[in-house]
file final.pdb (PDB, C-alpha atoms)
ATOM      1  CA  MET W 920      36.993 -34.311  76.319  1.00  0.00           C
ATOM      2  CA  ALA W 921      33.410 -35.302  76.526  1.00  0.00           C
ATOM      3  CA  GLY W 922      32.661 -32.014  78.244  1.00  0.00           C
ATOM      4  CA  PHE W 923      34.422 -30.083  75.511  1.00  0.00           C
ATOM      5  CA  ARG W 924      32.312 -31.824  72.847  1.00  0.00           C
ATOM      6  CA  LYS W 925      29.148 -30.969  74.686  1.00  0.00           C
ATOM      7  CA  ILE W 926      30.191 -27.332  74.911  1.00  0.00           C
ATOM      8  CA  LEU W 927      31.210 -27.260  71.228  1.00  0.00           C
ATOM      9  CA  SER W 928      27.913 -28.931  70.163  1.00  0.00           C
ATOM     10  CA  GLY W 929      25.997 -26.465  72.279  1.00  0.00           C
ATOM     11  CA  LEU W 930      27.851 -23.525  70.715  1.00  0.00           C
ATOM     12  CA  ILE W 931      27.207 -24.832  67.183  1.00  0.00           C
ATOM     13  CA  ILE W 932      23.502 -25.278  67.914  1.00  0.00           C
ATOM     14  CA  LEU W 933      23.374 -21.833  69.483  1.00  0.00           C
ATOM     15  CA  PHE W 934      25.181 -20.337  66.447  1.00  0.00           C
ATOM     16  CA  ILE W 935      22.813 -22.050  63.963  1.00  0.00           C
ATOM     17  CA  ALA W 936      19.773 -20.939  65.968  1.00  0.00           C
ATOM     18  CA  ALA W 937      21.063 -17.350  65.962  1.00  0.00           C
ATOM     19  CA  VAL W 938      22.022 -17.277  62.252  1.00  0.00           C
ATOM     20  CA  MET W 939      18.830 -18.881  60.778  1.00  0.00           C
ATOM     21  CA  PRO W 940      16.499 -15.944  61.463  1.00  0.00           C
ATOM     22  CA  ALA W 941      19.132 -13.606  59.965  1.00  0.00           C
ATOM     23  CA  PHE W 942      19.019 -15.506  56.648  1.00  0.00           C
ATOM     24  CA  GLY W 943      15.252 -15.178  56.584  1.00  0.00           C
ATOM     25  CA  GLN W 944      15.546 -11.419  57.066  1.00  0.00           C
ATOM     26  CA  LEU W 945      18.120 -11.053  54.273  1.00  0.00           C
ATOM     27  CA  MET W 946      15.730 -12.385  51.555  1.00  0.00           C
ATOM     28  CA  PRO W 947      12.222 -11.042  52.088  1.00  0.00           C
ATOM     29  CA  PRO W 948       9.488 -12.066  49.619  1.00  0.00           C
ATOM     30  CA  VAL W 949       9.037  -9.733  46.627  1.00  0.00           C
ATOM     31  CA  GLY W 950       5.778  -9.026  44.830  1.00  0.00           C
ATOM     32  CA  ALA W 951       5.125  -7.281  41.511  1.00  0.00           C
ATOM     33  CA  THR W 952       1.951  -5.992  39.916  1.00  0.00           C
ATOM     34  CA  GLY W 953       1.228  -6.881  36.277  1.00  0.00           C
ATOM     35  CA  HIS W 954      -1.153  -4.982  34.003  1.00  0.00           C
ATOM     36  CA  ILE W 955      -3.628  -6.293  31.426  1.00  0.00           C
ATOM     37  CA  VAL W 956      -4.960  -4.480  28.365  1.00  0.00           C
ATOM     38  CA  ALA W 957      -7.797  -5.462  26.013  1.00  0.00           C
ATOM     39  CA  GLU W 958      -9.385  -3.316  23.320  1.00  0.00           C
ATOM     40  CA  ILE W 959     -12.654  -3.928  21.564  1.00  0.00           C
ATOM     41  CA  ILE W 960     -12.648  -2.581  18.022  1.00  0.00           C
ATOM     42  CA  PRO W 961     -15.652  -1.757  15.857  1.00  0.00           C
ATOM     43  CA  VAL W 962     -17.241  -4.720  14.137  1.00  0.00           C
ATOM     44  CA  PHE W 963     -16.451  -4.994  10.435  1.00  0.00           C
ATOM     45  CA  THR W 964     -19.748  -4.603   8.558  1.00  0.00           C
ATOM     46  CA  ALA W 965     -20.992  -4.085   5.019  1.00  0.00           C
ATOM     47  CA  SER W 966     -24.474  -3.151   3.888  1.00  0.00           C
ATOM     48  CA  GLU W 967     -26.054  -2.324   0.555  1.00  0.00           C
ATOM     49  CA  THR W 968     -27.070   1.326   0.347  1.00  0.00           C
ATOM     50  CA  SER W 969     -28.078   1.366  -3.339  1.00  0.00           C
ATOM     51  CA  GLN W 970     -29.178  -1.490  -5.614  1.00  0.00           C
ATOM     52  CA  LEU W 971     -27.601  -2.187  -8.988  1.00  0.00           C
ATOM     53  CA  ASN W 972     -30.248  -0.931 -11.436  1.00  0.00           C
ATOM     54  CA  PHE W 973     -29.939  -1.329 -15.216  1.00  0.00           C
ATOM     55  CA  GLY W 974     -32.959   0.896 -15.718  1.00  0.00           C
ATOM     56  CA  ARG W 975     -35.734   0.581 -18.300  1.00  0.00           C
ATOM     57  CA  PHE W 976     -35.105  -0.629 -21.852  1.00  0.00           C
ATOM     58  CA  ALA W 977     -36.652  -2.571 -24.731  1.00  0.00           C
ATOM     59  CA  PRO W 978     -34.850  -5.419 -26.519  1.00  0.00           C
ATOM     60  CA  GLY W 979     -34.576  -5.368 -30.301  1.00  0.00           C
ATOM     61  CA  PRO W 980     -34.323  -8.337 -32.664  1.00  0.00           C
ATOM     62  CA  ALA W 981     -30.759  -9.261 -31.649  1.00  0.00           C
ATOM     63  CA  GLY W 982     -30.704  -8.170 -27.992  1.00  0.00           C
ATOM     64  CA  GLY W 983     -27.505  -6.695 -26.606  1.00  0.00           C
ATOM     65  CA  GLN W 984     -25.723  -5.553 -23.476  1.00  0.00           C
ATOM     66  CA  ILE W 985     -26.111  -2.769 -20.929  1.00  0.00           C
ATOM     67  CA  THR W 986     -23.080  -1.918 -18.819  1.00  0.00           C
ATOM     68  CA  ILE W 987     -23.257   0.161 -15.659  1.00  0.00           C
ATOM     69  CA  THR W 988     -19.853   1.320 -14.395  1.00  0.00           C
ATOM     70  CA  PRO W 989     -19.053   1.827 -10.699  1.00  0.00           C
ATOM     71  CA  GLY W 990     -19.162   5.574 -11.414  1.00  0.00           C
ATOM     72  CA  ASN W 991     -22.782   5.313 -12.711  1.00  0.00           C
ATOM     73  CA  GLY W 992     -21.797   5.493 -16.374  1.00  0.00           C
ATOM     74  CA  ILE W 993     -23.986   3.542 -18.793  1.00  0.00           C
ATOM     75  CA  SER W 994     -23.306   2.087 -22.222  1.00  0.00           C
ATOM     76  CA  VAL W 995     -25.716   0.196 -24.436  1.00  0.00           C
ATOM     77  CA  LEU W 996     -24.589  -2.205 -27.191  1.00  0.00           C
ATOM     78  CA  GLY W 997     -26.647  -4.127 -29.732  1.00  0.00           C
ATOM     79  CA  THR W 998     -30.295  -3.675 -30.600  1.00  0.00           C
ATOM     80  CA  LEU W 999     -31.571  -2.268 -27.314  1.00  0.00           C
ATOM     81  CA  TYR W1000     -33.655   0.868 -26.902  1.00  0.00           C
ATOM     82  CA  ARG W1001     -32.854   2.650 -23.658  1.00  0.00           C
ATOM     83  CA  GLY W1002     -36.015   3.997 -22.086  1.00  0.00           C
ATOM     84  CA  THR W1003     -36.555   6.817 -19.645  1.00  0.00           C
ATOM     85  CA  GLY W1004     -35.930   6.438 -15.945  1.00  0.00           C
ATOM     86  CA  THR W1005     -32.956   5.961 -13.720  1.00  0.00           C
ATOM     87  CA  HIS W1006     -30.075   3.563 -13.649  1.00  0.00           C
ATOM     88  CA  ASN W1007     -27.321   3.300 -11.067  1.00  0.00           C
ATOM     89  CA  ALA W1008     -24.377   1.336  -9.775  1.00  0.00           C
ATOM     90  CA  ALA W1009     -24.729  -0.547  -6.513  1.00  0.00           C
ATOM     91  CA  SER W1010     -23.237   1.027  -3.406  1.00  0.00           C
ATOM     92  CA  PHE W1011     -22.090  -0.645  -0.218  1.00  0.00           C
ATOM     93  CA  HIS W1012     -21.186   1.064   3.062  1.00  0.00           C
ATOM     94  CA  VAL W1013     -18.241  -0.814   4.605  1.00  0.00           C
ATOM     95  CA  SER W1014     -17.277   0.087   8.180  1.00  0.00           C
ATOM     96  CA  GLY W1015     -14.923  -1.033  10.922  1.00  0.00           C
ATOM     97  CA  GLU W1016     -11.709   0.004  12.636  1.00  0.00           C
ATOM     98  CA  VAL W1017     -10.241   3.320  11.481  1.00  0.00           C
ATOM     99  CA  ASP W1018      -7.562   2.936   8.765  1.00  0.00           C
ATOM    100  CA  ALA W1019      -8.088  -0.827   8.476  1.00  0.00           C
ATOM    101  CA  SER W1020      -7.708  -2.292   5.014  1.00  0.00           C
ATOM    102  CA  PHE W1021     -10.057  -4.799   3.445  1.00  0.00           C
ATOM    103  CA  SER W1022     -10.290  -6.978   0.355  1.00  0.00           C
ATOM    104  CA  ILE W1023     -13.100  -7.061  -2.185  1.00  0.00           C
ATOM    105  CA  THR W1024     -14.148 -10.234  -3.989  1.00  0.00           C
ATOM    106  CA  LEU W1025     -16.742  -9.833  -6.745  1.00  0.00           C
ATOM    107  CA  PRO W1026     -18.880 -12.673  -8.143  1.00  0.00           C
ATOM    108  CA  GLU W1027     -16.793 -14.924 -10.384  1.00  0.00           C
ATOM    109  CA  ASP W1028     -19.732 -16.610 -12.068  1.00  0.00           C
ATOM    110  CA  PRO W1029     -22.530 -14.879 -13.953  1.00  0.00           C
ATOM    111  CA  VAL W1030     -25.606 -14.058 -11.892  1.00  0.00           C
ATOM    112  CA  VAL W1031     -29.038 -14.962 -13.260  1.00  0.00           C
ATOM    113  CA  LEU W1032     -31.970 -12.523 -13.177  1.00  0.00           C
ATOM    114  CA  THR W1033     -35.372 -14.185 -13.469  1.00  0.00           C
ATOM    115  CA  HIS W1034     -38.553 -12.729 -14.994  1.00  0.00           C
ATOM    116  CA  MET W1035     -41.211 -12.578 -12.281  1.00  0.00           C
ATOM    117  CA  GLN W1036     -44.024 -14.124 -14.389  1.00  0.00           C
ATOM    118  CA  SER W1037     -42.442 -16.314 -17.095  1.00  0.00           C
ATOM    119  CA  ALA W1038     -39.234 -17.562 -15.420  1.00  0.00           C
ATOM    120  CA  LYS W1039     -37.227 -16.390 -18.480  1.00  0.00           C
ATOM    121  CA  THR W1040     -33.741 -15.214 -17.558  1.00  0.00           C
ATOM    122  CA  MET W1041     -31.004 -12.674 -18.271  1.00  0.00           C
ATOM    123  CA  VAL W1042     -27.396 -12.948 -17.134  1.00  0.00           C
ATOM    124  CA  VAL W1043     -25.262 -10.359 -15.324  1.00  0.00           C
ATOM    125  CA  SER W1044     -21.482 -10.713 -15.760  1.00  0.00           C
ATOM    126  CA  ASP W1045     -18.216  -8.772 -15.946  1.00  0.00           C
ATOM    127  CA  TRP W1046     -18.410  -7.353 -12.422  1.00  0.00           C
ATOM    128  CA  MET W1047     -16.332  -4.300 -11.503  1.00  0.00           C
ATOM    129  CA  SER W1048     -15.930  -2.117  -8.432  1.00  0.00           C
ATOM    130  CA  ASP W1049     -14.403   1.076  -7.142  1.00  0.00           C
ATOM    131  CA  PRO W1050     -12.085   0.504  -5.376  1.00  0.00           C
ATOM    132  CA  SER W1051     -11.019  -2.366  -7.623  1.00  0.00           C
ATOM    133  CA  PRO W1052     -11.331  -5.902  -6.292  1.00  0.00           C
ATOM    134  CA  GLY W1053      -8.386  -7.637  -4.677  1.00  0.00           C
ATOM    135  CA  PRO W1054      -6.461  -7.959  -1.430  1.00  0.00           C
ATOM    136  CA  GLY W1055      -6.167  -4.746   0.569  1.00  0.00           C
ATOM    137  CA  ALA W1056      -8.142  -2.821  -2.062  1.00  0.00           C
ATOM    138  CA  GLY W1057     -10.139  -0.744   0.391  1.00  0.00           C
ATOM    139  CA  MET W1058      -9.145   1.478   3.311  1.00  0.00           C
ATOM    140  CA  LEU W1059     -11.510   2.486   6.108  1.00  0.00           C
ATOM    141  CA  GLN W1060     -10.549   6.145   6.406  1.00  0.00           C
ATOM    142  CA  ASN W1061     -12.538   7.578   9.316  1.00  0.00           C
ATOM    143  CA  GLY W1062     -13.808   4.025   9.904  1.00  0.00           C
ATOM    144  CA  PHE W1063     -15.806   3.586   6.677  1.00  0.00           C
ATOM    145  CA  GLN W1064     -15.651   3.510   2.887  1.00  0.00           C
ATOM    146  CA  ILE W1065     -18.253   3.443   0.124  1.00  0.00           C
ATOM    147  CA  VAL W1066     -17.716   0.719  -2.478  1.00  0.00           C
ATOM    148  CA  ASN W1067     -19.512   1.154  -5.819  1.00  0.00           C
ATOM    149  CA  VAL W1068     -20.219  -1.864  -8.017  1.00  0.00           C
ATOM    150  CA  GLY W1069     -21.136  -2.144 -11.679  1.00  0.00           C
ATOM    151  CA  ALA W1070     -21.629  -5.003 -14.159  1.00  0.00           C
ATOM    152  CA  THR W1071     -22.918  -5.933 -17.608  1.00  0.00           C
ATOM    153  CA  LEU W1072     -26.451  -7.182 -18.276  1.00  0.00           C
ATOM    154  CA  ASN W1073     -26.758  -9.549 -21.259  1.00  0.00           C
ATOM    155  CA  VAL W1074     -30.190  -9.199 -22.866  1.00  0.00           C
ATOM    156  CA  GLY W1075     -31.792 -11.495 -25.439  1.00  0.00           C
ATOM    157  CA  ASN W1076     -34.476 -10.550 -27.964  1.00  0.00           C
ATOM    158  CA  LEU W1077     -38.089  -9.853 -26.968  1.00  0.00           C
ATOM    159  CA  HIS W1078     -38.997 -13.566 -27.262  1.00  0.00           C
ATOM    160  CA  ASP W1079     -36.141 -14.540 -24.921  1.00  0.00           C
ATOM    161  CA  ASN W1080     -36.772 -11.653 -22.577  1.00  0.00           C
ATOM    162  CA  PRO W1081     -40.456 -10.650 -22.468  1.00  0.00           C
ATOM    163  CA  VAL W1082     -41.710  -7.398 -20.949  1.00  0.00           C
ATOM    164  CA  GLY W1083     -41.638  -7.330 -17.144  1.00  0.00           C
ATOM    165  CA  ILE W1084     -39.376  -7.074 -14.136  1.00  0.00           C
ATOM    166  CA  TYR W1085     -36.336  -9.332 -13.693  1.00  0.00           C
ATOM    167  CA  THR W1086     -34.716  -9.789 -10.281  1.00  0.00           C
ATOM    168  CA  GLY W1087     -31.812 -11.645  -8.726  1.00  0.00           C
ATOM    169  CA  THR W1088     -29.238 -11.499  -5.961  1.00  0.00           C
ATOM    170  CA  TYR W1089     -25.469 -11.683  -5.779  1.00  0.00           C
ATOM    171  CA  THR W1090     -22.806 -11.823  -3.106  1.00  0.00           C
ATOM    172  CA  ILE W1091     -19.767  -9.606  -2.718  1.00  0.00           C
ATOM    173  CA  ILE W1092     -17.245 -10.547  -0.071  1.00  0.00           C
ATOM    174  CA  PHE W1093     -15.525  -7.841   1.964  1.00  0.00           C
ATOM    175  CA  ASP W1094     -12.686  -9.386   3.956  1.00  0.00           C
ATOM    176  CA  PHE W1095     -11.153  -7.456   6.849  1.00  0.00           C
ATOM    177  CA  ASN W1096      -7.316  -7.633   6.563  1.00  0.00           C
TER     178      ASN W1096
END

call {"tool": "encode", "arguments": {"input": "final.pdb", "output": "structure tokens"}}
result
Amino acid sequence: MAGFRKILSGLIILFIAAVMPAFGQLMPPVGATGHIVAEIIPVFTASETSQLNFGRFAPGPAGGQITITPGNGISVLGTLYRGTGTHNAASFHVSGEVDASFSITLPEDPVVLTHMQSAKTMVVSDWMSDPSPGPGAGMLQNGFQIVNVGATLNVGNLHDNPVGIYTGTYTIIFDFN
């Protein structure tokens, strides 16, 4: 019986040795190739192409207001004499990815213009734009859009606002959606 066990053990070892390589051949390693994509889009930019210009005028005894609309319309209220020369709405060139939408946020607080010699001031308020401000207001058709901006200039009398040039700056936020 001992001889039979040796033969049986030998056969089992021989069988296992013969079968093991067959299992390795039944399940070969498998590889797959993955792909990666990345796209760089145009940078979202905005730049002023035309300054907001209320033009030339002279204040009367009670002062008044000058309003420039985004479409370059002008209206004068109060005791102001509108002089010769040009006026215009501000223009901004906004660019980025084609057909992207963007939001426009105009100044919420009045902006102060300061007289270059005397430090006297005037206030600009009631900002407006075309397209109108708000979320998703603009669309970059062909990758750009022109945004026109207007506002109202509040002018005092000649004592409050002496002859000369008044300047100031403001910030409009264009937010890429």

call {"tool": "atom_distance", "arguments": {"input": "final.pdb", "atom1": "atom CA of Gly982 of chain W", "atom2": "atom CA of Ile1091 of chain W"}}
result
27.6 Å

call {"tool": "closest_residue", "arguments": {"input": "final.pdb", "among": "W:Ile1092, W:Val1030, W:Ile959, W:Ala1070", "to": "Trp1046 of chain W", "atoms": "all atoms listed in the file"}}
result
W:Ala1070

call {"tool": "atom_distance", "arguments": {"input": "final.pdb", "atom1": "atom CA of Ala965 of chain W", "atom2": "atom CA of Ser1051 of chain W"}}
result
16.2 Å

call {"tool": "resolve_selection", "arguments": {"input": "final.pdb", "expression": "the PyMOL selection byres ((chain W and resi 1067) around 7)", "output": "list in words"}}
result
Pro989, Ala1008, Ala1009, Ser1010, Phe1011, Ser1048, Asp1049, Ile1065, Val1066, Val1068 and Gly1069 of chain W

call {"tool": "resolve_selection", "arguments": {"input": "final.pdb", "expression": "the PyMOL selection byres ((chain W and resi 981) around 8)", "output": "list in words"}}
result
Pro978, Gly979, Pro980, Gly982, Gly983, Gly997, Thr998, Gly1075 and Asn1076 of chain W

call {"tool": "residues_around", "arguments": {"input": "final.pdb", "residues": "Thr1040 of chain W", "least_positions_apart": "4", "cutoff": "9 Å", "atoms": "only C-alpha atoms", "output": "PDB file with C-alpha atoms, in the coordinates of the input"}}
result
ATOM      1  CA  VAL W1031     -29.038 -14.962 -13.260  1.00  0.00           C
ATOM      2  CA  LEU W1032     -31.970 -12.523 -13.177  1.00  0.00           C
ATOM      3  CA  THR W1033     -35.372 -14.185 -13.469  1.00  0.00           C
ATOM      4  CA  HIS W1034     -38.553 -12.729 -14.994  1.00  0.00           C
ATOM      5  CA  VAL W1074     -30.190  -9.199 -22.866  1.00  0.00           C
ATOM      6  CA  GLY W1075     -31.792 -11.495 -25.439  1.00  0.00           C
ATOM      7  CA  ASP W1079     -36.141 -14.540 -24.921  1.00  0.00           C
ATOM      8  CA  ASN W1080     -36.772 -11.653 -22.577  1.00  0.00           C
ATOM      9  CA  TYR W1085     -36.336  -9.332 -13.693  1.00  0.00           C
TER      10      TYR W1085
END

call {"tool": "closest_residue", "arguments": {"input": "final.pdb", "among": "W:Ile993, W:Val1013, W:Ile960, W:Val1082", "to": "Gln1064 of chain W", "atoms": "all atoms listed in the file"}}
result
W:Val1013

call {"tool": "atom_distance", "arguments": {"input": "final.pdb", "atom1": "atom CA of Pro1052 of chain W", "atom2": "atom CA of Pro961 of chain W"}}
result
22.9 Å

call {"tool": "axis_aligned_box", "arguments": {"input": "final.pdb", "around": "segment 1062-1071 of chain W", "padding_each_side": "5 Å", "output": "AutoDock Vina command-line options"}}
result
--center_x -18.4 --center_y -1.0 --center_z -3.9 --size_x 19.1 --size_y 20.0 --size_z 37.5

call {"tool": "residues_around", "arguments": {"input": "final.pdb", "residues": "Asn1073 of chain W", "least_positions_apart": "6", "cutoff": "9 Å", "atoms": "all atoms listed in the file", "output": "PDB file with C-alpha atoms, in the frame of the given file"}}
result
ATOM      1  CA  GLY W 982     -30.704  -8.170 -27.992  1.00  0.00           C
ATOM      2  CA  GLY W 983     -27.505  -6.695 -26.606  1.00  0.00           C
ATOM      3  CA  GLN W 984     -25.723  -5.553 -23.476  1.00  0.00           C
ATOM      4  CA  ILE W 985     -26.111  -2.769 -20.929  1.00  0.00           C
ATOM      5  CA  THR W 986     -23.080  -1.918 -18.819  1.00  0.00           C
ATOM      6  CA  MET W1041     -31.004 -12.674 -18.271  1.00  0.00           C
ATOM      7  CA  VAL W1042     -27.396 -12.948 -17.134  1.00  0.00           C
ATOM      8  CA  VAL W1043     -25.262 -10.359 -15.324  1.00  0.00           C
ATOM      9  CA  SER W1044     -21.482 -10.713 -15.760  1.00  0.00           C
TER      10      SER W1044
END

call {"tool": "closest_residue", "arguments": {"input": "final.pdb", "among": "W:Thr1090, W:Asn1096, W:Thr1005, W:Asn1061", "to": "Leu1025 of chain W", "atoms": "all atoms listed in the file"}}
result
W:Thr1090

call {"tool": "resolve_selection", "arguments": {"input": "final.pdb", "expression": "the PyMOL selection byres ((chain W and resi 968) around 7)", "output": "list in words"}}
result
Ser966, Glu967, Ser969, Gln970, Ser1010, Phe1011 and His1012 of chain W

call {"tool": "write_last_selection", "arguments": {"input": "final.pdb", "atoms": "C-alpha atoms", "output": "PDB file, keeping the file's coordinate frame"}}
result
ATOM      1  CA  SER W 966     -24.474  -3.151   3.888  1.00  0.00           C
ATOM      2  CA  GLU W 967     -26.054  -2.324   0.555  1.00  0.00           C
ATOM      3  CA  SER W 969     -28.078   1.366  -3.339  1.00  0.00           C
ATOM      4  CA  GLN W 970     -29.178  -1.490  -5.614  1.00  0.00           C
ATOM      5  CA  SER W1010     -23.237   1.027  -3.406  1.00  0.00           C
ATOM      6  CA  PHE W1011     -22.090  -0.645  -0.218  1.00  0.00           C
ATOM      7  CA  HIS W1012     -21.186   1.064   3.062  1.00  0.00           C
TER       8      HIS W1012
END

call {"tool": "residues_around", "arguments": {"input": "final.pdb", "residues": "Gly974 of chain W", "least_positions_apart": "6", "cutoff": "8 Å", "atoms": "only C-alpha atoms", "output": "MDAnalysis selection string"}}
result
chainID W and resid 1002:1007

call {"tool": "closest_residue", "arguments": {"input": "final.pdb", "among": "W:Ile1084, W:Leu1072, W:Pro1054, W:Gly953", "to": "Ile987 of chain W", "atoms": "all atoms listed in the file"}}
result
W:Leu1072

call {"tool": "closest_residue", "arguments": {"input": "final.pdb", "among": "W:Ala951, W:Leu1077, W:Met1047, W:Leu1059", "to": "Thr988 of chain W", "atoms": "all atoms listed in the file"}}
result
W:Met1047
